[in-house]
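In what follows, a structure is listed as structure tokens, so that the remarks can point back to it.
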Amino acid sequence: MKKTLLLSLIVISILAISCTPKETKTALFNGKDLSNWNLVVEGDSVPGDQVFMVEDSTILIKGLPFGYMYTKDKYSNFTLELDYSWVNEPSNSGIFLLIENPTNPFPKGIECQLHAGDAGDFVLLEGSEMAEYTLPDSLTERPKFPVIKKQQPSSEKPSGEWNKAKITVDNGVVTVYINDVLQNKGTSPTKEGYIGLQSEGNAVRFKNIELSVK
């Protein structure tokens, strides 16, 4: 009896392990070039490779002109991890998520704000939505770029040091950690889209861009 029970438990354990969804980890940046990305520059004023480039095995984004780079594939349920660092003084950039329409110079999608001091805010771009956004009493109409503020004081590191962003998207629920501090969580009706990195301000570097897909 005991042997039969033990055998049954072993079989159940094996089945549970085999049925557990496995994650596939992918490097979105190969450290050599931007062949996995599309480049958008405001008004197509200069070639994309003058704004987005690879330097010392990192992605260097100049910050001006405005624009963004975005993945060639769409993603739905995933965990995105990356490091970013300001090249000079603290400035502005963002991580775009669930991009529905990659328009110029801003896409329709959710921005995880990286603006110095505000990393972890959500910005709703080009009409995108999150259930957590409510119109402030002081406003009578929706602003062009609605913001859902982060939940905690800034967890960012000083300029020149590397910050770690970890973002999960699970059935439209977006969760953001900055340097291992939970900063925000929001719910988008959009479940799938491109991922992007923004040029908006001064130079910023990105590295270790990894995506774990369920």
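Identifiers in this document derive from the order of the structure tokens: chains are assigned A, B, ..., residues are numbered from 1 separately in each chain, and ligands are numbered from 1 in order of occurrence.
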
Residues of segment 71-134 of chain A that have any atom at most 7 Å from an atom of segment 180-202 of chain A: could you tabulate them with the shortest-distance atom pair and the distance in Å to one decimal, using only C-alpha atoms, ordered by chain and increasing number, as a Markdown table?
| residue | atom | partner | partner_atom | distance |
| --- | --- | --- | --- | --- |
| A:Thr71 | CA | A:Ile195 | CA | 5.5 |
| A:Asp73 | CA | A:Tyr194 | CA | 6.2 |
| A:Lys74 | CA | A:Tyr194 | CA | 4.4 |
| A:Tyr75 | CA | A:Glu192 | CA | 5.4 |
| A:Ser76 | CA | A:Glu192 | CA | 4.2 |
| A:Ser91 | CA | A:Asn202 | CA | 5.8 |
| A:Asn92 | CA | A:Gly201 | CA | 5.2 |
| A:Ser93 | CA | A:Gln198 | CA | 5.2 |
| A:Gly94 | CA | A:Gln198 | CA | 5.1 |
| A:Ile95 | CA | A:Leu197 | CA | 4.9 |
| A:Phe96 | CA | A:Gly196 | CA | 4.5 |
| A:Leu97 | CA | A:Ile195 | CA | 4.9 |
| A:Leu98 | CA | A:Gly193 | CA | 3.8 |
| A:Ile99 | CA | A:Gly193 | CA | 4.5 |
| A:Glu100 | CA | A:Gly193 | CA | 5.4 |
| A:Gly120 | CA | A:Gln183 | CA | 5.4 |
| A:Asp121 | CA | A:Asn184 | CA | 6.8 |
| A:Glu129 | CA | A:Ser188 | CA | 6.0 |
| A:Met130 | CA | A:Ser188 | CA | 4.6 |
| A:Ala131 | CA | A:Thr187 | CA | 5.5 |
| A:Glu132 | CA | A:Gly186 | CA | 6.1 |

Save the residues we just selected, C-alpha atoms, as a PDB file, in the first residue's frame?
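Final output, result.pdb:
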ATOM      1  CA  THR A  71      11.165  45.335 -31.619  1.00  0.00           C
ATOM      2  CA  ASP A  73       8.089  41.160 -33.094  1.00  0.00           C
ATOM      3  CA  LYS A  74       5.076  41.631 -30.842  1.00  0.00           C
ATOM      4  CA  TYR A  75       4.959  40.071 -27.376  1.00  0.00           C
ATOM      5  CA  SER A  76       2.159  39.311 -24.934  1.00  0.00           C
ATOM      6  CA  SER A  91      17.585  63.190 -18.177  1.00  0.00           C
ATOM      7  CA  ASN A  92      14.558  61.602 -19.828  1.00  0.00           C
ATOM      8  CA  SER A  93      13.721  58.374 -21.626  1.00  0.00           C
ATOM      9  CA  GLY A  94      11.187  55.593 -21.399  1.00  0.00           C
ATOM     10  CA  ILE A  95      10.385  51.954 -22.043  1.00  0.00           C
ATOM     11  CA  PHE A  96       7.415  51.484 -24.359  1.00  0.00           C
ATOM     12  CA  LEU A  97       5.164  48.473 -23.810  1.00  0.00           C
ATOM     13  CA  LEU A  98       2.237  46.914 -25.660  1.00  0.00           C
ATOM     14  CA  ILE A  99       2.745  49.178 -28.673  1.00  0.00           C
ATOM     15  CA  GLU A 100      -0.317  48.801 -30.876  1.00  0.00           C
ATOM     16  CA  GLY A 120       8.069  53.854 -12.768  1.00  0.00           C
ATOM     17  CA  ASP A 121       5.300  56.288 -13.730  1.00  0.00           C
ATOM     18  CA  GLU A 129      -5.756  53.121 -21.787  1.00  0.00           C
ATOM     19  CA  MET A 130      -5.219  51.682 -18.315  1.00  0.00           C
ATOM     20  CA  ALA A 131      -8.027  50.851 -15.912  1.00  0.00           C
ATOM     21  CA  GLU A 132      -6.261  52.659 -13.057  1.00  0.00           C
TER      22      GLU A 132
END

Quick one: residues within 10 Å of Glu156 of chain A, only C-alpha atoms counted, chain neighbours fewer than 3 positions away excluded, as a list in words? Leu114, Ala116, Gly117, Asp118, Ala119, Gly120, Pro153, Ser159, Glu161, Trp162, Asn163, Lys164, Ala165, Ile178, Asn179 and Val181 of chain A

Restrict the selected residues to C-alpha atoms and save them as a CSV table (one decimal), in the first residue's frame.
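So the final result, stored in part-v1.csv, reads:
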chain,number,residue,atom,x,y,z
A,114,LEU,CA,12.4,56.6,-16.9
A,116,ALA,CA,14.9,61.1,-13.7
A,117,GLY,CA,13.0,61.1,-10.4
A,118,ASP,CA,9.9,59.6,-12.0
A,119,ALA,CA,11.0,56.2,-13.1
A,120,GLY,CA,8.1,53.9,-12.8
A,153,PRO,CA,9.6,57.4,-3.6
A,159,SER,CA,23.7,59.6,-12.8
A,161,GLU,CA,25.4,54.3,-12.2
A,162,TRP,CA,23.3,51.5,-13.8
A,163,ASN,CA,19.7,51.1,-12.9
A,164,LYS,CA,17.8,47.9,-13.2
A,165,ALA,CA,14.2,47.8,-14.6
A,178,ILE,CA,13.0,49.8,-10.5
A,179,ASN,CA,16.1,48.5,-8.7
A,181,VAL,CA,11.4,48.2,-5.7

Run DSSP on the backbone and tell me which residues of chain A come out as strand (DSSP E or B); list them as a ChimeraX atom specification. /A:24-27,37-41,52-55,58-61,67-71,75,78-86,94-101,108-113,122-125,147-148,163-170,173-178,181-187,193-199,204-213

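For the choices A:Leu135, A:His115, A:Ala203, A:Val173, the atom-to-atom distance to Pro65 of chain A is smallest for A:Ala203 when using only C-alpha atoms.
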
Write out as a PyMOL selection string the residues lying within 12 Å of Asp56 of chain A, counting only C-alpha atoms and excluding same-chain residues fewer than 5 positions away. chain A and resi 31-33+205-207

Got a sec: who's within 8 Å of Trp37 of chain A, counting only C-alpha atoms, leaving out chain neighbours fewer than 3 positions off, as a VMD selection string? chain A and resid 34 69 to 72

List every residue of chain A that DSSP, applied to the backbone, labels as alpha helix (DSSP H), and write the result as JSON, numbers by chain. {"A": [2, 3, 4, 5, 6, 7, 8, 9, 10, 11, 12, 13, 14, 15, 16, 17, 18, 19]}

I need the chosen residues saved as a PDB file, in the first residue's frame, with N, CA and C atoms.
ATOM      1  N   LYS A   2       1.870   1.235   0.901  1.00  0.00           N
ATOM      2  CA  LYS A   2       2.761   2.392   0.994  1.00  0.00           C
ATOM      3  C   LYS A   2       3.533   2.591  -0.305  1.00  0.00           C
ATOM      4  N   LYS A   3       3.974   1.459  -0.891  1.00  0.00           N
ATOM      5  CA  LYS A   3       4.720   1.559  -2.149  1.00  0.00           C
ATOM      6  C   LYS A   3       3.838   2.115  -3.261  1.00  0.00           C
ATOM      7  N   THR A   4       2.580   1.692  -3.292  1.00  0.00           N
ATOM      8  CA  THR A   4       1.645   2.177  -4.310  1.00  0.00           C
ATOM      9  C   THR A   4       1.404   3.668  -4.148  1.00  0.00           C
ATOM     10  N   LEU A   5       1.217   4.106  -2.897  1.00  0.00           N
ATOM     11  CA  LEU A   5       0.999   5.528  -2.616  1.00  0.00           C
ATOM     12  C   LEU A   5       2.208   6.352  -3.005  1.00  0.00           C
ATOM     13  N   LEU A   6       3.386   5.856  -2.656  1.00  0.00           N
ATOM     14  CA  LEU A   6       4.627   6.559  -2.997  1.00  0.00           C
ATOM     15  C   LEU A   6       4.786   6.686  -4.503  1.00  0.00           C
ATOM     16  N   LEU A   7       4.510   5.577  -5.217  1.00  0.00           N
ATOM     17  CA  LEU A   7       4.612   5.583  -6.669  1.00  0.00           C
ATOM     18  C   LEU A   7       3.633   6.582  -7.276  1.00  0.00           C
ATOM     19  N   SER A   8       2.420   6.636  -6.719  1.00  0.00           N
ATOM     20  CA  SER A   8       1.404   7.568  -7.217  1.00  0.00           C
ATOM     21  C   SER A   8       1.864   9.008  -7.021  1.00  0.00           C
ATOM     22  N   LEU A   9       2.446   9.299  -5.856  1.00  0.00           N
ATOM     23  CA  LEU A   9       2.936  10.657  -5.574  1.00  0.00           C
ATOM     24  C   LEU A   9       4.052  11.045  -6.536  1.00  0.00           C
ATOM     25  N   ILE A  10       4.938  10.101  -6.828  1.00  0.00           N
ATOM     26  CA  ILE A  10       6.030  10.365  -7.762  1.00  0.00           C
ATOM     27  C   ILE A  10       5.491  10.674  -9.152  1.00  0.00           C
ATOM     28  N   VAL A  11       4.515   9.883  -9.591  1.00  0.00           N
ATOM     29  CA  VAL A  11       3.914  10.104 -10.914  1.00  0.00           C
ATOM     30  C   VAL A  11       3.237  11.457 -10.978  1.00  0.00           C
ATOM     31  N   ILE A  12       2.495  11.817  -9.919  1.00  0.00           N
ATOM     32  CA  ILE A  12       1.814  13.118  -9.880  1.00  0.00           C
ATOM     33  C   ILE A  12       2.822  14.254  -9.928  1.00  0.00           C
ATOM     34  N   SER A  13       3.922  14.107  -9.201  1.00  0.00           N
ATOM     35  CA  SER A  13       4.968  15.152  -9.186  1.00  0.00           C
ATOM     36  C   SER A  13       5.581  15.329 -10.561  1.00  0.00           C
ATOM     37  N   ILE A  14       5.854  14.213 -11.229  1.00  0.00           N
ATOM     38  CA  ILE A  14       6.441  14.280 -12.574  1.00  0.00           C
ATOM     39  C   ILE A  14       5.485  14.955 -13.540  1.00  0.00           C
ATOM     40  N   LEU A  15       4.205  14.607 -13.440  1.00  0.00           N
ATOM     41  CA  LEU A  15       3.209  15.223 -14.321  1.00  0.00           C
ATOM     42  C   LEU A  15       3.080  16.711 -14.048  1.00  0.00           C
ATOM     43  N   ALA A  16       3.127  17.106 -12.771  1.00  0.00           N
ATOM     44  CA  ALA A  16       3.009  18.527 -12.415  1.00  0.00           C
ATOM     45  C   ALA A  16       4.168  19.321 -12.978  1.00  0.00           C
ATOM     46  N   ILE A  17       5.373  18.744 -12.880  1.00  0.00           N
ATOM     47  CA  ILE A  17       6.553  19.427 -13.413  1.00  0.00           C
ATOM     48  C   ILE A  17       6.479  19.546 -14.922  1.00  0.00           C
ATOM     49  N   SER A  18       6.052  18.477 -15.583  1.00  0.00           N
ATOM     50  CA  SER A  18       5.999  18.471 -17.044  1.00  0.00           C
ATOM     51  C   SER A  18       4.926  19.401 -17.577  1.00  0.00           C
ATOM     52  N   CYS A  19       3.879  19.658 -16.775  1.00  0.00           N
ATOM     53  CA  CYS A  19       2.777  20.520 -17.223  1.00  0.00           C
ATOM     54  C   CYS A  19       2.994  21.985 -16.871  1.00  0.00           C
TER      55      CYS A  19
END
